[in-house]
2 protein chains.
Amino acid sequence: MSGIEEQTFCQLDFSKIKNKTGAAETEQVNRPNNRFTAPFGHNPGELSIEAGRYRLLWSPHCPWAHRSVIVRKLLGLEDVISLGTVNPIRSEQGWEFSLDDAGVDPVLGIRYLSEAYFHSDPEYSGRASVPAVADIQTKKVVYNDYLTLTNIFETAWAPFHKKGAPDLYPEHLRKDIDELNDVIYHDINKGVYKCGSADSQEDYEKAYDALFARLDELEQRLASQRYLFGDFISDSDVRLYVSLARFDVIYYTEYKANRNRLIDFPNLWGYARDLYQTPGFGDTTDFEAMKKAQYASGNNPLNIIPKGPDLSGWSTPHHRERLSK
Amino acid sequence: MSGIEEQTFCQLDFSKIKNKTGAAETEQVNRPNNRFTAPFGHNPGELSIEAGRYRLLWSPHCPWAHRSVIVRKLLGLEDVISLGTVNPIRSEQGWEFSLDDAGVDPVLGIRYLSEAYFHSDPEYSGRASVPAVADIQTKKVVYNDYLTLTNIFETAWAPFHKKGAPDLYPEHLRKDIDELNDVIYHDINKGVYKCGSADSQEDYEKAYDALFARLDELEQRLASQRYLFGDFISDSDVRLYVSLARFDVIYYTEYKANRNRLIDFPNLWGYARDLYQTPGFGDTTDFEAMKKAQYASGNNPLNIIPKGPDLSGWSTPHHRERLSK
């Protein structure tokens, strides 16, 4: 199970951390680290909404970060909020900008993500996680709530959306989207981690059953409609997509989420390819980064990265447009 | 990669054994342990061929043992050579008859497989491996050469074959069968272990490429003929089958043999189901034992066994009979 902790801690907080032998270290409780949650807005105490002021920091392997990067692109916020990318191979000092020239983020001038957290709080003791929004002026992390970041981009940042940007979070559907997001979160986004990090056979099977029951349900839902809420892409599609994109390459093999692969669900697989082939999705999907994060970590001393699975299917025709009205 | 060593050492000898951290212990060279190789025959010094004299000892997870059990059944040797089964979960004392009443093999009266090896040689220092043929009178292991055991059953034991038993090793094809067996052995039977226990990315990719190139070749070969040598089952089919039966359940996920699964190869998958549904194959195939051996070992302290993959496809129609002349 090498790397599950690493993947988990790109953002998620579990109450228990496993040590390398798999034994639960119950005393080492990890506190929620999405503590930078001040709202964006125009009132005092809120984070100001300004083009060029913020930098979104991510690793392409991380599903929680990936969804904010997809939404940023779908809404045309690339020139408004810049993007810094850490190496998906986590160093012993944490996430590192070692893919950049001289190993330093060119805008923030930092080598490690943790530096931006320490700029915010010199005594910060949580995980320096992605996604994180840093203020370029102060070089401080100002927002890192992965649960709400896509919604922030979709609402507070609306004045900067590109012309013709999709409405990923339509007002009249927000309750429904939130409800579905919650289900996707518990059973799928986080459900795969529950499979991979279960402490007992019983907990594992419970998570596995919930995961595949939910996938079966969504498989049906997507039989007669192109996307989760009909004929348009919503915030829920982004949240489902990031887990589907990692399913066969990581979760199936490493998290024991192995009843079936994504490619065994005709509708979900067509739907995932449809999104992958939509600008904003496939062009931000880095399968190699997912593998590096999973296999080239400290838990895998030989650092052998699987050649498979065969990913060529992602670019094949999906024929989902026939479901469009 | 929990359990690769265990699986490996149901029989195979590698020159290096990996410790639990994956580092190669180069000094701990494992000598070939198939040292009991005296021929069966009617000459002095040869093992006599007698019904009821021997007991074949195996674990159902082990491909090297499985093939001898398939051949024993295909040839109708069940009443001639009895069968003792160890627990696929290897104990710290090695393979154990803990599935039997009182934890003792009812015929040999031993608790551990190693006892039969020590009866043969009190100073035996190799691995007590399966398959092993024990003499019931002396309770000694007399034969454990996994490479040749199926051929021994097919030739020396011919006088005891059931009426109408298939000729798995026809004299005029032996050279061809041996050659194909050699290829299957290096690229597939042992090839998956080369993937799973490689010390370097380069060695891993070499084994992976050889494995899938060979599977692609056999996929073609099986497009126009029902079995490897035409319209009859041969020793080569048995040897290929035991690896195919373990492919999706173990090798794909645990040995990084993950370009495709067996079920992604239409011909190989139909062929494997065809054999599975033939008496001698499916009824000796124990997927749960394979999982137990892999996951419930000392390397997996939480002992969580994957629920997947979905194995229901093994019983579906294969339509391979249309290839019969």
# chains A, B, ... in the order shown; residues from 1 in each chain; ligands from 1
>>> select_by_dssp(residues="region 32-72 of chain A", states="helix (DSSP H, G or I)", output="list in words")
Pro63, Trp64, Ala65, His66, Arg67, Ser68, Val69, Ile70, Val71 and Arg72 of chain A
>>> residues_around(residues="region 311-316 of chain B", least_positions_apart="4", cutoff="12 Å", atoms="only C-alpha atoms", output="ChimeraX atom specification")
/A:258-260 /B:244-249,262-264,269-278,281-283,285-288,307,320
>>> residues_around(residues="Pro279 (chain A)", least_positions_apart="5", cutoff="10 Å", atoms="only C-alpha atoms", output="PyMOL selection string")
chain A and resi 70+73-74+284
>>> closest_residue(among="B:Glu50, B:Glu92, B:Asp209, B:Asp182", to="Ser114 (chain B)", atoms="only C-alpha atoms")
B:Glu92
>>> interface_residues(of="chain B", to="chain A", cutoff="8 Å", atoms="only C-alpha atoms", output="list in words")
Thr21, Gly22, Ala23, Asp199, Ser200, Gln201, Tyr204, Glu205, Tyr208, Tyr252, Thr253, Glu254, Lys256, Ala257, Asn258, Arg259, Asn260, Asn300, Pro301, Leu302, Asn303, Ile304, Ile305, Pro306, Lys307, Gly308, Pro309 and Asp310 of chain B
>>> write_last_selection(atoms="C-alpha atoms", output="PDB file, in the first residue's frame")
ATOM      1  CA  THR B  21      11.979  -3.509   2.993  1.00  0.00           C
ATOM      2  CA  GLY B  22      12.591  -4.673  -0.539  1.00  0.00           C
ATOM      3  CA  ALA B  23      16.358  -4.472  -0.328  1.00  0.00           C
ATOM      4  CA  ASP B 199      15.411  -4.981  -8.417  1.00  0.00           C
ATOM      5  CA  SER B 200      15.379  -2.165 -10.932  1.00  0.00           C
ATOM      6  CA  GLN B 201      13.003  -0.340 -13.233  1.00  0.00           C
ATOM      7  CA  TYR B 204      11.025  -4.841 -14.369  1.00  0.00           C
ATOM      8  CA  GLU B 205      10.262  -3.311 -17.758  1.00  0.00           C
ATOM      9  CA  TYR B 208       6.942  -6.792 -18.373  1.00  0.00           C
ATOM     10  CA  TYR B 252      -2.048  -7.805 -12.346  1.00  0.00           C
ATOM     11  CA  THR B 253      -2.358  -5.984  -9.062  1.00  0.00           C
ATOM     12  CA  GLU B 254       0.497  -7.285  -6.957  1.00  0.00           C
ATOM     13  CA  LYS B 256       2.831  -4.862 -11.543  1.00  0.00           C
ATOM     14  CA  ALA B 257       1.967  -7.097 -14.528  1.00  0.00           C
ATOM     15  CA  ASN B 258      -0.658  -4.542 -15.401  1.00  0.00           C
ATOM     16  CA  ARG B 259      -0.662  -3.601 -19.056  1.00  0.00           C
ATOM     17  CA  ASN B 260      -3.903  -5.524 -19.423  1.00  0.00           C
ATOM     18  CA  ASN B 300       0.482  -7.789   5.461  1.00  0.00           C
ATOM     19  CA  PRO B 301      -0.025  -7.150   9.147  1.00  0.00           C
ATOM     20  CA  LEU B 302      -3.613  -5.993   8.763  1.00  0.00           C
ATOM     21  CA  ASN B 303      -4.444  -9.143   6.800  1.00  0.00           C
ATOM     22  CA  ILE B 304      -6.981  -7.384   4.640  1.00  0.00           C
ATOM     23  CA  ILE B 305      -7.993  -9.517   1.678  1.00  0.00           C
ATOM     24  CA  PRO B 306      -9.377  -7.765  -1.408  1.00  0.00           C
ATOM     25  CA  LYS B 307     -12.991  -8.581  -2.209  1.00  0.00           C
ATOM     26  CA  GLY B 308     -12.339  -8.248  -5.924  1.00  0.00           C
ATOM     27  CA  PRO B 309     -11.862  -8.866  -8.679  1.00  0.00           C
ATOM     28  CA  ASP B 310     -15.229  -9.975  -9.940  1.00  0.00           C
TER      29      ASP B 310
END
>>> residues_around(residues="Arg53 (chain B)", least_positions_apart="2", cutoff="8 Å", atoms="only C-alpha atoms", output="list in words")
Glu50, Ala51, Arg55, Val80, Ile81, Asp135, Ile136 and Gln137 of chain B
>>> write_last_selection(atoms="all heavy atoms", output="JSON list (two decimals), in the first residue's frame")
[["chain", "number", "residue", "atom", "x", "y", "z"],
["B", 50, "GLU", "N", 3.77, -47.56, -8.08],
["B", 50, "GLU", "CA", 2.78, -48.40, -7.39],
["B", 50, "GLU", "C", 1.59, -47.56, -6.99],
["B", 50, "GLU", "O", 1.76, -46.48, -6.41],
["B", 50, "GLU", "CB", 3.37, -48.96, -6.09],
["B", 50, "GLU", "CG", 4.50, -49.92, -6.22],
["B", 50, "GLU", "CD", 5.06, -50.24, -4.83],
["B", 50, "GLU", "OE1", 4.28, -50.50, -3.90],
["B", 50, "GLU", "OE2", 6.30, -50.18, -4.69],
["B", 51, "ALA", "N", 0.42, -48.11, -7.22],
["B", 51, "ALA", "CA", -0.79, -47.43, -6.76],
["B", 51, "ALA", "C", -0.83, -47.42, -5.24],
["B", 51, "ALA", "O", -0.47, -48.41, -4.59],
["B", 51, "ALA", "CB", -2.03, -48.13, -7.31],
["B", 55, "ARG", "N", 1.90, -39.89, -1.91],
["B", 55, "ARG", "CA", 0.96, -38.81, -1.60],
["B", 55, "ARG", "C", 1.55, -37.52, -2.17],
["B", 55, "ARG", "O", 2.70, -37.16, -1.87],
["B", 55, "ARG", "CB", 0.79, -38.70, -0.09],
["B", 55, "ARG", "CG", -0.31, -37.75, 0.36],
["B", 55, "ARG", "CD", -0.73, -38.10, 1.78],
["B", 55, "ARG", "NE", -1.71, -37.20, 2.35],
["B", 55, "ARG", "CZ", -3.04, -37.29, 2.15],
["B", 55, "ARG", "NH1", -3.53, -38.22, 1.34],
["B", 55, "ARG", "NH2", -3.86, -36.44, 2.74],
["B", 80, "VAL", "N", -4.85, -43.37, -7.39],
["B", 80, "VAL", "CA", -3.53, -44.01, -7.47],
["B", 80, "VAL", "C", -2.52, -43.24, -6.60],
["B", 80, "VAL", "O", -1.70, -43.83, -5.90],
["B", 80, "VAL", "CB", -3.06, -44.05, -8.95],
["B", 80, "VAL", "CG1", -1.66, -44.64, -9.06],
["B", 80, "VAL", "CG2", -4.07, -44.81, -9.80],
["B", 81, "ILE", "N", -2.62, -41.93, -6.66],
["B", 81, "ILE", "CA", -1.73, -41.05, -5.88],
["B", 81, "ILE", "C", -2.65, -40.14, -5.07],
["B", 81, "ILE", "O", -3.42, -39.37, -5.65],
["B", 81, "ILE", "CB", -0.84, -40.20, -6.82],
["B", 81, "ILE", "CG1", 0.04, -41.11, -7.69],
["B", 81, "ILE", "CG2", 0.01, -39.22, -6.00],
["B", 81, "ILE", "CD1", 0.75, -40.38, -8.82],
["B", 135, "ASP", "N", 6.55, -40.64, -0.01],
["B", 135, "ASP", "CA", 6.33, -42.08, 0.07],
["B", 135, "ASP", "C", 5.54, -42.33, 1.35],
["B", 135, "ASP", "O", 5.99, -41.98, 2.45],
["B", 135, "ASP", "CB", 7.69, -42.79, 0.11],
["B", 135, "ASP", "CG", 7.56, -44.31, 0.08],
["B", 135, "ASP", "OD1", 6.61, -44.84, 0.70],
["B", 135, "ASP", "OD2", 8.40, -44.94, -0.57],
["B", 136, "ILE", "N", 4.37, -42.91, 1.22],
["B", 136, "ILE", "CA", 3.49, -43.06, 2.39],
["B", 136, "ILE", "C", 4.09, -44.02, 3.42],
["B", 136, "ILE", "O", 3.94, -43.83, 4.63],
["B", 136, "ILE", "CB", 2.08, -43.50, 1.94],
["B", 136, "ILE", "CG1", 1.42, -42.35, 1.16],
["B", 136, "ILE", "CG2", 1.21, -43.89, 3.14],
["B", 136, "ILE", "CD1", 0.13, -42.72, 0.44],
["B", 137, "GLN", "N", 4.82, -45.04, 2.95],
["B", 137, "GLN", "CA", 5.43, -46.01, 3.87],
["B", 137, "GLN", "C", 6.48, -45.37, 4.75],
["B", 137, "GLN", "O", 6.50, -45.53, 5.97],
["B", 137, "GLN", "CB", 6.07, -47.15, 3.08],
["B", 137, "GLN", "CG", 5.06, -48.03, 2.37],
["B", 137, "GLN", "CD", 5.75, -49.08, 1.48],
["B", 137, "GLN", "OE1", 6.98, -49.21, 1.49],
["B", 137, "GLN", "NE2", 4.96, -49.80, 0.69]]
>>> residues_around(residues="Gly191 (chain B)", least_positions_apart="3", cutoff="8 Å", atoms="only C-alpha atoms", output="PyMOL selection string")
chain B and resi 185-188+194-195+207-208+210-211
>>> residues_around(residues="Leu218 (chain A)", least_positions_apart="4", cutoff="9 Å", atoms="only C-alpha atoms", output="ChimeraX atom specification")
/A:213-214,222-223,228,267-268
>>> closest_residue(among="B:Glu171, B:Glu154, B:Glu46, B:Asp235", to="Ile184 (chain B)", atoms="only C-alpha atoms")
B:Asp235
>>> closest_residue(among="B:Tyr241, B:Trp64, B:Phe265, B:Trp95", to="Thr148 (chain B)", atoms="only C-alpha atoms")
B:Trp64
>>> atom_distance(atom1="CA of His161 (chain B)", atom2="CA of Ser234 (chain B)")
15.1 Å
>>> select_by_dssp(residues="region 106-308 of chain B", states="strand (DSSP E)", output="list in words")
Ala132, Val133, Ala134, Asp135, Lys140, Val141, Val142 and Tyr143 of chain B
>>> write_last_selection(atoms="N, CA, C and O atoms", output="PDB file, in the first residue's frame")
ATOM      1  N   ALA B 132       5.345 -31.663  -3.577  1.00  0.00           N
ATOM      2  CA  ALA B 132       6.271 -32.692  -3.110  1.00  0.00           C
ATOM      3  C   ALA B 132       5.536 -34.028  -3.150  1.00  0.00           C
ATOM      4  O   ALA B 132       4.374 -34.107  -2.763  1.00  0.00           O
ATOM      5  N   VAL B 133       6.229 -35.054  -3.603  1.00  0.00           N
ATOM      6  CA  VAL B 133       5.665 -36.401  -3.583  1.00  0.00           C
ATOM      7  C   VAL B 133       6.305 -37.139  -2.410  1.00  0.00           C
ATOM      8  O   VAL B 133       7.533 -37.236  -2.332  1.00  0.00           O
ATOM      9  N   ALA B 134       5.455 -37.599  -1.488  1.00  0.00           N
ATOM     10  CA  ALA B 134       5.972 -38.322  -0.320  1.00  0.00           C
ATOM     11  C   ALA B 134       5.634 -39.806  -0.454  1.00  0.00           C
ATOM     12  O   ALA B 134       4.564 -40.176  -0.939  1.00  0.00           O
ATOM     13  N   ASP B 135       6.549 -40.641  -0.012  1.00  0.00           N
ATOM     14  CA  ASP B 135       6.327 -42.084   0.072  1.00  0.00           C
ATOM     15  C   ASP B 135       5.535 -42.334   1.355  1.00  0.00           C
ATOM     16  O   ASP B 135       5.994 -41.979   2.451  1.00  0.00           O
ATOM     17  N   LYS B 140       8.693 -40.068   3.725  1.00  0.00           N
ATOM     18  CA  LYS B 140       9.763 -39.211   3.219  1.00  0.00           C
ATOM     19  C   LYS B 140       9.354 -38.555   1.903  1.00  0.00           C
ATOM     20  O   LYS B 140       8.681 -39.180   1.078  1.00  0.00           O
ATOM     21  N   VAL B 141       9.795 -37.320   1.703  1.00  0.00           N
ATOM     22  CA  VAL B 141       9.691 -36.717   0.373  1.00  0.00           C
ATOM     23  C   VAL B 141      10.652 -37.464  -0.541  1.00  0.00           C
ATOM     24  O   VAL B 141      11.827 -37.641  -0.203  1.00  0.00           O
ATOM     25  N   VAL B 142      10.144 -37.939  -1.673  1.00  0.00           N
ATOM     26  CA  VAL B 142      11.007 -38.664  -2.610  1.00  0.00           C
ATOM     27  C   VAL B 142      11.151 -37.937  -3.947  1.00  0.00           C
ATOM     28  O   VAL B 142      12.049 -38.246  -4.726  1.00  0.00           O
ATOM     29  N   TYR B 143      10.262 -36.996  -4.202  1.00  0.00           N
ATOM     30  CA  TYR B 143      10.327 -36.294  -5.486  1.00  0.00           C
ATOM     31  C   TYR B 143       9.738 -34.908  -5.306  1.00  0.00           C
ATOM     32  O   TYR B 143       8.637 -34.769  -4.764  1.00  0.00           O
TER      33      TYR B 143
END
>>> closest_residue(among="B:Arg174, B:Leu147, B:Gln294, B:Gln220", to="Arg239 (chain B)", atoms="only C-alpha atoms")
B:Leu147
>>> atom_distance(atom1="CA of Ile233 (chain B)", atom2="CA of Phe160 (chain B)")
19.1 Å
>>> atom_distance(atom1="CA of Ser98 (chain A)", atom2="CA of Gly84 (chain A)")
11.1 Å
>>> decode(residues="region 191-321 of chain B", atoms="C-alpha atoms", output="short mmCIF file (atom, residue, chain, number, x, y, z; two decimals), in the first residue's frame")
data_model
loop_
_atom_site.label_atom_id
_atom_site.label_comp_id
_atom_site.auth_asym_id
_atom_site.auth_seq_id
_atom_site.Cartn_x
_atom_site.Cartn_y
_atom_site.Cartn_z
CA GLY B 191 7.93 -13.91 -16.01
CA VAL B 192 5.30 -12.58 -13.61
CA TYR B 193 7.67 -13.13 -10.69
CA LYS B 194 10.39 -11.34 -12.61
CA CYS B 195 8.01 -8.37 -12.85
CA GLY B 196 7.04 -8.52 -9.20
CA SER B 197 10.47 -9.02 -7.72
CA ALA B 198 12.62 -6.92 -10.05
CA ASP B 199 15.41 -4.98 -8.42
CA SER B 200 15.38 -2.17 -10.93
CA GLN B 201 13.00 -0.34 -13.23
CA GLU B 202 14.99 -1.68 -16.18
CA ASP B 203 14.71 -5.32 -15.12
CA TYR B 204 11.03 -4.84 -14.37
CA GLU B 205 10.26 -3.31 -17.76
CA LYS B 206 12.23 -6.02 -19.54
CA ALA B 207 10.19 -8.72 -17.80
CA TYR B 208 6.94 -6.79 -18.37
CA ASP B 209 7.66 -6.35 -22.08
CA ALA B 210 8.60 -10.02 -22.51
CA LEU B 211 5.50 -11.13 -20.63
CA PHE B 212 3.04 -9.09 -22.65
CA ALA B 213 4.80 -9.73 -25.96
CA ARG B 214 4.42 -13.44 -25.26
CA LEU B 215 0.79 -13.08 -24.24
CA ASP B 216 0.13 -11.08 -27.43
CA GLU B 217 1.72 -13.89 -29.44
CA LEU B 218 -0.32 -16.58 -27.71
CA GLU B 219 -3.44 -14.45 -28.15
CA GLN B 220 -2.84 -14.69 -31.90
CA ARG B 221 -2.02 -18.39 -31.76
CA LEU B 222 -5.30 -19.08 -30.00
CA ALA B 223 -7.39 -17.11 -32.48
CA SER B 224 -7.72 -20.02 -34.87
CA GLN B 225 -7.20 -23.09 -32.70
CA ARG B 226 -8.88 -24.17 -29.53
CA TYR B 227 -5.73 -25.18 -27.60
CA LEU B 228 -2.02 -24.49 -27.95
CA PHE B 229 -1.32 -27.50 -30.17
CA GLY B 230 -4.66 -27.74 -31.91
CA ASP B 231 -7.79 -29.54 -30.93
CA PHE B 232 -6.54 -31.37 -27.82
CA ILE B 233 -5.28 -30.39 -24.39
CA SER B 234 -1.55 -30.79 -23.89
CA ASP B 235 0.91 -30.38 -21.06
CA SER B 236 1.60 -26.85 -22.36
CA ASP B 237 -2.03 -25.87 -21.87
CA VAL B 238 -1.82 -26.91 -18.24
CA ARG B 239 1.31 -24.85 -17.74
CA LEU B 240 -0.15 -21.77 -19.37
CA TYR B 241 -3.48 -22.16 -17.56
CA VAL B 242 -2.04 -22.01 -14.05
CA SER B 243 -0.56 -18.58 -14.74
CA LEU B 244 -3.67 -17.29 -16.51
CA ALA B 245 -5.84 -18.37 -13.57
CA ARG B 246 -3.72 -16.23 -11.24
CA PHE B 247 -3.31 -13.29 -13.58
CA ASP B 248 -6.14 -10.93 -12.69
CA VAL B 249 -6.50 -11.99 -9.09
CA ILE B 250 -2.82 -11.68 -8.15
CA TYR B 251 -0.31 -10.82 -10.83
CA TYR B 252 -2.05 -7.81 -12.35
CA THR B 253 -2.36 -5.98 -9.06
CA GLU B 254 0.50 -7.29 -6.96
CA TYR B 255 3.25 -8.04 -9.45
CA LYS B 256 2.83 -4.86 -11.54
CA ALA B 257 1.97 -7.10 -14.53
CA ASN B 258 -0.66 -4.54 -15.40
CA ARG B 259 -0.66 -3.60 -19.06
CA ASN B 260 -3.90 -5.52 -19.42
CA ARG B 261 -5.80 -8.10 -17.48
CA LEU B 262 -6.49 -11.59 -18.80
CA ILE B 263 -10.09 -10.60 -19.47
CA ASP B 264 -8.87 -7.95 -21.91
CA PHE B 265 -7.45 -10.62 -24.26
CA PRO B 266 -10.49 -12.06 -26.09
CA ASN B 267 -8.85 -15.31 -27.17
CA LEU B 268 -6.78 -15.99 -24.06
CA TRP B 269 -9.78 -15.21 -21.88
CA GLY B 270 -12.05 -17.51 -23.87
CA TYR B 271 -9.34 -20.18 -23.79
CA ALA B 272 -8.84 -19.84 -20.03
CA ARG B 273 -12.61 -20.12 -19.44
CA ASP B 274 -12.76 -23.13 -21.75
CA LEU B 275 -10.13 -24.89 -19.65
CA TYR B 276 -11.65 -23.67 -16.37
CA GLN B 277 -14.93 -25.29 -17.37
CA THR B 278 -13.14 -28.57 -18.14
CA PRO B 279 -13.03 -31.09 -15.26
CA GLY B 280 -9.56 -31.03 -13.72
CA PHE B 281 -9.05 -27.30 -14.19
CA GLY B 282 -11.79 -25.22 -12.57
CA ASP B 283 -12.45 -27.78 -9.85
CA THR B 284 -8.82 -27.53 -8.73
CA THR B 285 -8.69 -23.74 -9.04
CA ASP B 286 -9.09 -21.99 -5.70
CA PHE B 287 -9.09 -18.22 -6.10
CA GLU B 288 -9.65 -17.66 -2.39
CA ALA B 289 -6.55 -19.69 -1.56
CA MET B 290 -4.53 -17.54 -3.97
CA LYS B 291 -5.73 -14.41 -2.21
CA LYS B 292 -5.09 -15.84 1.24
CA ALA B 293 -1.55 -16.80 0.31
CA GLN B 294 -0.93 -13.37 -1.12
CA TYR B 295 -2.56 -11.12 1.43
CA ALA B 296 -2.83 -12.99 4.70
CA SER B 297 0.90 -13.39 5.09
CA GLY B 298 3.28 -11.90 7.59
CA ASN B 299 4.03 -9.06 5.22
CA ASN B 300 0.48 -7.79 5.46
CA PRO B 301 -0.02 -7.15 9.15
CA LEU B 302 -3.61 -5.99 8.76
CA ASN B 303 -4.44 -9.14 6.80
CA ILE B 304 -6.98 -7.38 4.64
CA ILE B 305 -7.99 -9.52 1.68
CA PRO B 306 -9.38 -7.76 -1.41
CA LYS B 307 -12.99 -8.58 -2.21
CA GLY B 308 -12.34 -8.25 -5.92
CA PRO B 309 -11.86 -8.87 -8.68
CA ASP B 310 -15.23 -9.98 -9.94
CA LEU B 311 -14.62 -13.62 -10.89
CA SER B 312 -18.11 -14.43 -12.14
CA GLY B 313 -16.93 -14.28 -15.74
CA TRP B 314 -15.03 -17.55 -15.39
CA SER B 315 -18.28 -19.49 -15.67
CA THR B 316 -19.68 -17.66 -18.69
CA PRO B 317 -19.93 -19.31 -22.13
CA HIS B 318 -16.68 -19.25 -24.10
CA HIS B 319 -17.84 -20.54 -27.51
CA ARG B 320 -14.41 -22.01 -28.14
CA GLU B 321 -15.93 -25.29 -29.27
#
